[in-house]
file structure_13.txt (compact mmCIF, C-alpha atoms)
# COMPACT_ATOMS: atom_id res chain seq x y z
CA ARG A 324 159.52 -57.95 -103.93
CA GLU A 325 157.11 -57.43 -106.80
CA ASP A 326 153.44 -57.37 -105.77
CA THR A 327 150.50 -57.91 -108.11
CA LEU A 328 147.96 -55.16 -107.46
CA ALA A 329 145.18 -56.25 -109.77
CA ALA A 330 144.04 -59.52 -111.27
CA PRO A 331 144.72 -59.76 -115.01
CA THR A 332 141.03 -60.28 -115.74
CA PRO A 333 138.83 -58.34 -113.31
CA GLY A 334 135.88 -60.16 -111.86
CA THR A 335 137.35 -63.64 -112.25
CA SER A 336 139.40 -66.01 -110.13
CA PRO A 337 141.90 -67.55 -112.54
CA SER A 338 143.69 -70.77 -111.70
CA SER A 339 147.40 -70.72 -110.97
CA SER A 340 148.12 -72.20 -114.40
CA SER A 341 146.18 -69.46 -116.20
CA GLU A 342 147.91 -66.84 -114.06
CA GLU A 343 151.27 -68.29 -115.07
CA GLU A 344 150.26 -68.25 -118.74
CA GLU A 345 149.08 -64.64 -118.46
CA ALA A 346 152.34 -63.66 -116.77
CA GLU A 347 154.33 -65.33 -119.55
CA ASP A 348 152.23 -63.59 -122.23
CA SER A 349 152.80 -60.24 -120.49
CA ARG A 350 156.53 -60.93 -120.36
CA LEU A 351 156.57 -61.69 -124.09
CA LEU A 352 154.66 -58.51 -124.94
CA LEU A 353 157.11 -56.45 -122.90
CA GLU A 354 160.12 -58.18 -124.42
CA GLU A 355 158.95 -58.11 -128.06
CA CYS A 356 157.32 -54.67 -128.07
CA VAL A 357 158.92 -52.37 -125.50
CA PHE A 358 162.40 -53.90 -125.81
CA GLY A 359 162.20 -55.42 -129.28
CA MET A 360 160.82 -52.78 -131.64
CA GLU A 361 163.13 -50.55 -133.64
CA GLU A 362 163.18 -46.88 -132.80
CA VAL A 363 162.61 -44.92 -136.01
CA TRP A 364 162.37 -41.41 -134.57
CA ALA A 365 163.18 -39.67 -131.31
CA CYS A 366 162.05 -36.15 -130.46
CA ARG A 367 164.86 -33.62 -130.54
CA GLY A 368 162.73 -30.52 -130.44
CA GLU A 369 161.63 -30.47 -134.08
CA ARG A 370 158.06 -29.63 -134.97
CA PRO A 371 155.64 -32.46 -135.93
CA SER A 372 155.43 -31.10 -139.48
CA ALA A 373 159.13 -31.89 -140.02
CA VAL A 374 158.65 -35.48 -138.82
CA SER A 375 155.56 -35.89 -140.99
CA THR A 376 157.34 -34.61 -144.09
CA HIS A 377 160.68 -36.38 -143.83
CA LEU A 378 159.94 -39.63 -141.98
CA MET A 379 156.32 -40.57 -142.58
CA GLN A 380 155.83 -39.79 -146.28
CA ASN A 381 153.98 -43.03 -147.06
CA LEU A 382 151.51 -42.83 -144.17
CA SER A 383 148.03 -41.38 -144.47
CA PRO A 384 147.35 -38.10 -142.67
CA ALA A 385 145.11 -40.00 -140.25
CA TRP A 386 147.93 -42.38 -139.26
CA LYS A 387 150.26 -39.42 -138.78
CA MET A 388 147.68 -37.80 -136.52
CA THR A 389 147.27 -41.01 -134.51
CA LEU A 390 151.00 -41.46 -133.95
CA LEU A 391 152.09 -37.85 -133.36
CA SER A 392 149.02 -36.24 -131.81
CA ASP A 393 149.15 -35.24 -128.15
CA GLY A 394 145.49 -36.20 -127.78
CA SER A 395 144.04 -39.25 -126.03
CA VAL A 396 144.38 -42.56 -127.88
CA THR A 397 141.22 -43.78 -126.13
CA ARG A 398 139.27 -40.84 -127.50
CA HIS A 399 140.80 -41.32 -130.96
CA VAL A 400 139.79 -44.99 -131.06
CA GLU A 401 136.27 -44.18 -129.89
CA LEU A 402 135.90 -41.48 -132.55
CA LEU A 403 137.32 -43.70 -135.28
CA THR A 404 135.29 -46.82 -134.51
CA GLY A 405 132.14 -45.22 -133.14
CA GLY A 406 132.23 -47.57 -130.15
CA ASP A 407 133.20 -47.28 -126.50
CA VAL A 408 136.65 -48.50 -125.51
CA SER A 409 137.10 -51.12 -122.79
CA VAL A 410 140.26 -52.33 -121.07
CA ARG A 411 141.64 -55.73 -120.29
CA CYS A 412 144.30 -55.41 -117.61
CA LEU A 413 147.00 -58.01 -118.19
CA GLU A 414 149.30 -56.89 -115.43
CA MET A 415 149.51 -54.29 -112.69
CA ARG A 416 152.34 -54.90 -110.28
CA THR A 417 154.91 -53.16 -108.17
CA ARG A 418 158.42 -53.42 -109.56
CA ALA A 419 161.23 -53.94 -107.11
CA GLY A 420 163.43 -50.84 -107.18
CA GLY A 421 166.80 -52.49 -107.81
CA ALA A 422 165.51 -54.99 -110.38
CA PHE A 423 163.56 -52.34 -112.26
CA ALA A 424 166.47 -49.89 -112.35
CA GLY A 425 168.78 -52.68 -113.53
CA GLU A 426 166.35 -53.70 -116.27
CA CYS A 427 166.08 -50.09 -117.45
CA ALA A 428 169.86 -49.64 -117.44
CA ALA A 429 170.51 -52.92 -119.26
CA GLY A 430 168.06 -52.23 -122.09
CA SER A 431 168.66 -49.95 -125.04
CA SER A 432 165.03 -48.82 -125.28
CA ARG A 433 164.52 -45.08 -124.90
CA VAL A 434 161.17 -45.65 -123.19
CA MET A 435 162.86 -47.47 -120.31
CA ARG A 436 165.40 -44.68 -119.93
CA ASP A 437 162.46 -42.34 -119.39
CA ALA A 438 160.66 -44.79 -117.09
CA VAL A 439 163.62 -45.08 -114.74
CA ALA A 440 163.17 -41.38 -113.91
CA ILE A 441 159.90 -42.18 -112.10
CA PRO A 442 160.54 -42.24 -108.34
CA GLY A 443 159.86 -45.62 -106.75
CA PRO A 444 158.11 -47.72 -105.87
CA VAL A 445 157.07 -48.12 -109.53
CA ILE A 446 153.85 -49.71 -110.79
CA GLN A 447 154.04 -51.47 -114.17
CA ARG A 448 150.66 -51.78 -115.92
CA GLN A 449 150.00 -53.65 -119.17
CA VAL A 450 146.61 -53.45 -120.88
CA LEU A 451 144.80 -54.18 -124.13
CA LEU A 452 142.23 -51.70 -125.47
CA TYR A 453 139.14 -53.01 -127.24
CA SER A 454 136.44 -51.21 -129.18
CA GLU A 455 132.92 -52.52 -128.72
CA ARG A 456 132.76 -52.55 -132.53
CA GLU A 457 135.53 -55.21 -132.55
CA PRO A 458 135.20 -56.94 -129.17
CA GLU A 459 137.22 -60.02 -130.13
CA ASP A 460 140.51 -58.38 -131.12
CA PRO A 461 142.27 -55.51 -129.31
CA LEU A 462 143.23 -52.41 -131.28
CA VAL A 463 145.91 -51.08 -128.91
CA TYR A 464 148.47 -52.59 -126.54
CA ALA A 465 149.81 -50.28 -123.85
CA CYS A 466 152.38 -50.54 -121.07
CA SER A 467 152.78 -47.74 -118.54
CA TRP A 468 154.91 -47.00 -115.49
CA TRP A 469 153.73 -44.98 -112.48
CA ASN A 470 154.86 -43.99 -109.06
CA LYS A 471 152.79 -46.24 -106.78
CA ASP A 472 151.21 -43.41 -104.75
CA LYS A 473 150.28 -41.48 -107.90
CA ALA A 474 148.85 -44.60 -109.54
CA GLU A 475 146.58 -45.15 -106.56
CA ALA A 476 145.55 -41.48 -106.67
CA PHE A 477 144.94 -41.14 -110.41
CA LEU A 478 143.93 -44.67 -111.50
CA THR A 479 140.89 -44.89 -109.29
CA ASP A 480 139.22 -47.43 -111.64
CA VAL A 481 141.73 -49.96 -112.95
CA LYS A 482 139.07 -51.43 -115.28
CA SER A 483 138.85 -48.15 -117.24
CA PRO A 484 141.30 -46.56 -119.70
CA ILE A 485 143.77 -44.03 -118.34
CA TRP A 486 142.04 -41.21 -120.21
CA VAL A 487 138.72 -42.03 -118.53
CA ASN A 488 140.36 -41.99 -115.09
CA LEU A 489 142.12 -38.70 -115.72
CA SER A 490 139.01 -37.10 -117.26
CA ASP A 491 136.83 -38.15 -114.36
CA ASN A 492 139.35 -36.57 -111.99
CA LYS A 493 139.59 -33.39 -114.15
CA THR A 494 143.37 -33.82 -114.26
CA GLU A 495 145.30 -31.24 -116.31
CA LEU A 496 148.20 -32.82 -118.20
CA PHE A 497 150.88 -32.14 -120.77
CA ARG A 498 151.56 -35.09 -123.11
CA GLU A 499 155.06 -35.17 -124.62
CA VAL A 500 155.49 -37.61 -127.52
CA LYS A 501 159.08 -38.85 -127.23
CA ALA A 502 159.67 -41.54 -129.88
CA LEU A 503 158.16 -43.69 -132.64
CA TYR A 504 158.87 -47.39 -133.17
CA LYS A 505 158.15 -50.05 -135.76
CA GLY A 506 158.63 -53.78 -135.57
CA HIS A 507 157.32 -57.32 -135.38
CA SER A 508 155.92 -59.21 -132.40
CA ALA A 509 154.63 -62.77 -132.63
CA GLU A 510 152.72 -62.33 -129.37
CA LEU A 511 151.12 -59.10 -130.58
CA GLU A 512 150.12 -60.80 -133.83
CA ARG A 513 148.51 -63.60 -131.83
CA ARG A 514 146.72 -61.20 -129.51
CA MET A 515 145.51 -58.81 -132.20
CA ASN A 516 144.87 -61.49 -134.82
CA VAL A 517 146.61 -59.44 -137.48
CA GLN A 518 150.05 -59.52 -139.11
CA GLY A 519 152.80 -57.03 -138.37
CA PRO A 520 154.89 -55.01 -138.57
CA PHE A 521 153.32 -52.65 -136.04
CA TRP A 522 153.66 -48.95 -135.38
CA ALA A 523 154.23 -47.88 -131.77
CA ARG A 524 155.12 -44.77 -129.80
CA HIS A 525 155.96 -43.71 -126.30
CA TYR A 526 155.21 -40.49 -124.48
CA CYS A 527 155.34 -38.90 -121.05
CA PHE A 528 152.55 -37.33 -119.04
CA TRP A 529 153.54 -34.28 -117.00
CA HIS A 530 151.38 -32.91 -114.21
CA GLY A 531 152.24 -29.81 -112.20
CA GLY A 532 155.73 -29.77 -113.70
CA GLU A 533 156.46 -33.33 -112.54
CA LEU A 534 156.68 -36.58 -114.48
CA LEU A 535 153.45 -38.50 -113.84
CA THR A 536 153.76 -41.56 -116.08
CA VAL A 537 155.56 -42.99 -119.11
CA ILE A 538 153.39 -44.86 -121.62
CA PHE A 539 154.24 -47.16 -124.56
CA GLU A 540 151.50 -47.92 -127.12
CA ALA A 541 151.46 -50.31 -130.08
CA PHE A 542 148.67 -50.13 -132.65
CA SER A 543 146.81 -52.86 -134.52
CA ASN A 544 146.92 -52.71 -138.30
CA ARG A 545 143.16 -53.20 -138.17
CA LEU A 546 143.05 -49.46 -137.60
CA ASP A 547 143.72 -49.21 -141.34
CA ASP A 548 140.02 -49.95 -141.79
CA TYR A 549 139.20 -46.73 -139.95
CA LEU A 550 142.17 -44.58 -140.97
CA SER A 551 141.68 -44.88 -144.73
CA ASP A 552 140.97 -41.74 -146.71
CA THR A 553 137.49 -42.89 -147.79
CA ALA A 554 134.91 -43.79 -145.18
CA PRO A 555 132.86 -46.99 -145.69
CA GLY A 556 129.64 -46.26 -147.54
CA CYS A 557 130.93 -42.98 -148.98
CA THR A 558 132.47 -43.92 -152.31
CA LEU A 559 133.01 -42.01 -155.51
CA ASP A 560 130.39 -44.22 -157.18
CA ASP A 561 127.81 -43.10 -154.62
CA GLU A 562 128.64 -39.47 -155.34
CA ASP A 563 128.24 -40.03 -159.09
CA ASP A 564 124.84 -41.65 -158.51
CA ASP A 565 123.74 -38.66 -156.43
CA GLU A 566 124.77 -36.26 -159.20
CA GLU A 567 122.85 -38.25 -161.81
CA GLU A 568 119.74 -38.29 -159.64
CA GLY A 569 120.01 -34.52 -159.17
CA GLU A 570 120.30 -33.90 -162.91
CA ALA A 571 117.28 -36.10 -163.59
call {"tool": "encode", "arguments": {"input": "structure_13.txt", "output": "structure tokens"}}
result
Amino acid sequence: REDTLAAPTPGTSPSSSSEEEEAEDSRLLLEECVFGMEEVWACRGERPSAVSTHLMQNLSPAWKMTLLSDGSVTRHVELLTGGDVSVRCLEMRTRAGGAFAGECAAGSSRVMRDAVAIPGPVIQRQVLLYSEREPEDPLVYACSWWNKDKAEAFLTDVKSPIWVNLSDNKTELFREVKALYKGHSAELERRMNVQGPFWARHYCFWHGGELLTVIFEAFSNRLDDYLSDTAPGCTLDDEDDDEEEGEA
């Protein structure tokens, strides 16, 4: 049996039809992103500099940092946009052991091969992350898998990002970036209101030498507005004007 642990939209009482639509949307995101995107790199012990040099030559340094950094994506988005990050929980349910293991075994996605290592019962959580600077369109889609007992212990506020929960609990973690992905998703385009293809990654959180959670994240191309080399309002023309004023 698969139990829903949290309503998709906290604080509301959606009708059965809207719940069915939300469940279908969540299924599409999982199918098109987690199972559908192409793996372009998998960690085999090489240093990030090697990946940056040989695989990601056409990406800006800021995009490389976003995809390969072992820092918090919530913190990165808040620093980039200058706004607090909020969460919309699309799904948080207990996956039946046999069905989940079978799904992981049937798929070719590396992220699911890592997720199956989490001892059951397993919680599957899908969320969208929004910046208050762009409240209409999410900047990140994330799906994570947890042992049920650990989810209840560490995710004490399901309305907050994972990083906020772990920071509030002063949890010490090791983040291991495992793979990068790129691909299209019609549902992600609809949700984020931006065209693909999209970059994505998955990583594992380790706590006390044990696997805590496996997380898949896909990023909106709207982040290009914040990851460009020149910040808004700080152009070369402005610098030239300042120099002329100084000489005068």
call {"tool": "residues_around", "arguments": {"input": "structure_13.txt", "residues": "Tyr526 (chain A)", "least_positions_apart": "6", "cutoff": "6 Å", "atoms": "all atoms listed in the file", "output": "PDB file with C-alpha atoms, in the coordinates of the input"}}
result
ATOM      1  CA  GLU A 499     155.060 -35.170-124.620  1.00  0.00           C
ATOM      2  CA  VAL A 500     155.490 -37.610-127.520  1.00  0.00           C
ATOM      3  CA  LYS A 501     159.080 -38.850-127.230  1.00  0.00           C
ATOM      4  CA  VAL A 537     155.560 -42.990-119.110  1.00  0.00           C
ATOM      5  CA  ILE A 538     153.390 -44.860-121.620  1.00  0.00           C
TER       6      ILE A 538
END
call {"tool": "residues_around", "arguments": {"input": "structure_13.txt", "residues": "Thr404 (chain A)", "least_positions_apart": "6", "cutoff": "8 Å", "atoms": "all atoms listed in the file", "output": "PyMOL selection string"}}
result
chain A and resi 454+456+549
call {"tool": "residues_around", "arguments": {"input": "structure_13.txt", "residues": "Arg448 (chain A)", "least_positions_apart": "3", "cutoff": "8 Å", "atoms": "only C-alpha atoms", "output": "list in words"}}
result
Cys412, Leu413, Glu414, Met415, Arg416, Cys466, Ser467 and Trp468 of chain A
call {"tool": "write_last_selection", "arguments": {"input": "structure_13.txt", "atoms": "C-alpha atoms", "output": "compact mmCIF listing (two decimals), keeping the file's coordinate frame"}}
result
# COMPACT_ATOMS: atom_id res chain seq x y z
CA CYS A 412 144.30 -55.41 -117.61
CA LEU A 413 147.00 -58.01 -118.19
CA GLU A 414 149.30 -56.89 -115.43
CA MET A 415 149.51 -54.29 -112.69
CA ARG A 416 152.34 -54.90 -110.28
CA CYS A 466 152.38 -50.54 -121.07
CA SER A 467 152.78 -47.74 -118.54
CA TRP A 468 154.91 -47.00 -115.49
call {"tool": "residues_near_point", "arguments": {"input": "structure_13.txt", "point": "(156.2, -56.8, -123.6)", "cutoff": "10 Å", "atoms": "only C-alpha atoms", "output": "number ranges by chain"}}
result
A: 347-359, 449, 464-466, 508, 510-511, 539
call {"tool": "closest_residue", "arguments": {"input": "structure_13.txt", "among": "A:Leu462, A:Leu382, A:Ala474, A:Val363", "to": "Thr417 (chain A)", "atoms": "all atoms listed in the file"}}
result
A:Ala474
call {"tool": "atom_distance", "arguments": {"input": "structure_13.txt", "atom1": "CA of Ala346 (chain A)", "atom2": "CA of Ala541 (chain A)"}}
result
18.9 Å
call {"tool": "closest_residue", "arguments": {"input": "structure_13.txt", "among": "A:Arg411, A:His530, A:Arg367, A:His525", "to": "Leu452 (chain A)", "atoms": "only C-alpha atoms"}}
result
A:Arg411
call {"tool": "residues_around", "arguments": {"input": "structure_13.txt", "residues": "Asp407 (chain A)", "least_positions_apart": "3", "cutoff": "10 Å", "atoms": "all atoms listed in the file", "output": "list of chain:residue names"}}
result
A:Thr397, A:Arg398, A:Val400, A:Glu401, A:Leu402, A:Thr404, A:Tyr453, A:Ser454, A:Glu455, A:Arg456
call {"tool": "atom_distance", "arguments": {"input": "structure_13.txt", "atom1": "CA of Val517 (chain A)", "atom2": "CA of Asp548 (chain A)"}}
result
12.3 Å
call {"tool": "closest_residue", "arguments": {"input": "structure_13.txt", "among": "A:Leu503, A:Pro520, A:Gly443, A:Arg370", "to": "Leu390 (chain A)", "atoms": "all atoms listed in the file"}}
result
A:Leu503
call {"tool": "closest_residue", "arguments": {"input": "structure_13.txt", "among": "A:Gln518, A:Ser543, A:Val408, A:Val450", "to": "Glu345 (chain A)", "atoms": "only C-alpha atoms"}}
result
A:Val450
call {"tool": "residues_near_point", "arguments": {"input": "structure_13.txt", "point": "(151.4, -42.4, -106.9)", "cutoff": "10 Å", "atoms": "all atoms listed in the file", "output": "VMD selection string"}}
result
chain A and resid 441 to 446 469 to 478 535 to 536
call {"tool": "write_last_selection", "arguments": {"input": "structure_13.txt", "atoms": "C-alpha atoms", "output": "PDB file, in the frame of the given file"}}
result
ATOM      1  CA  ILE A 441     159.900 -42.180-112.100  1.00  0.00           C
ATOM      2  CA  PRO A 442     160.540 -42.240-108.340  1.00  0.00           C
ATOM      3  CA  GLY A 443     159.860 -45.620-106.750  1.00  0.00           C
ATOM      4  CA  PRO A 444     158.110 -47.720-105.870  1.00  0.00           C
ATOM      5  CA  VAL A 445     157.070 -48.120-109.530  1.00  0.00           C
ATOM      6  CA  ILE A 446     153.850 -49.710-110.790  1.00  0.00           C
ATOM      7  CA  TRP A 469     153.730 -44.980-112.480  1.00  0.00           C
ATOM      8  CA  ASN A 470     154.860 -43.990-109.060  1.00  0.00           C
ATOM      9  CA  LYS A 471     152.790 -46.240-106.780  1.00  0.00           C
ATOM     10  CA  ASP A 472     151.210 -43.410-104.750  1.00  0.00           C
ATOM     11  CA  LYS A 473     150.280 -41.480-107.900  1.00  0.00           C
ATOM     12  CA  ALA A 474     148.850 -44.600-109.540  1.00  0.00           C
ATOM     13  CA  GLU A 475     146.580 -45.150-106.560  1.00  0.00           C
ATOM     14  CA  ALA A 476     145.550 -41.480-106.670  1.00  0.00           C
ATOM     15  CA  PHE A 477     144.940 -41.140-110.410  1.00  0.00           C
ATOM     16  CA  LEU A 478     143.930 -44.670-111.500  1.00  0.00           C
ATOM     17  CA  LEU A 535     153.450 -38.500-113.840  1.00  0.00           C
ATOM     18  CA  THR A 536     153.760 -41.560-116.080  1.00  0.00           C
TER      19      THR A 536
END
call {"tool": "atom_distance", "arguments": {"input": "structure_13.txt", "atom1": "CA of Val439 (chain A)", "atom2": "CA of Phe423 (chain A)"}}
result
7.7 Å
call {"tool": "closest_residue", "arguments": {"input": "structure_13.txt", "among": "A:Arg436, A:Arg524, A:Arg514, A:Arg418", "to": "Leu391 (chain A)", "atoms": "only C-alpha atoms"}}
result
A:Arg524
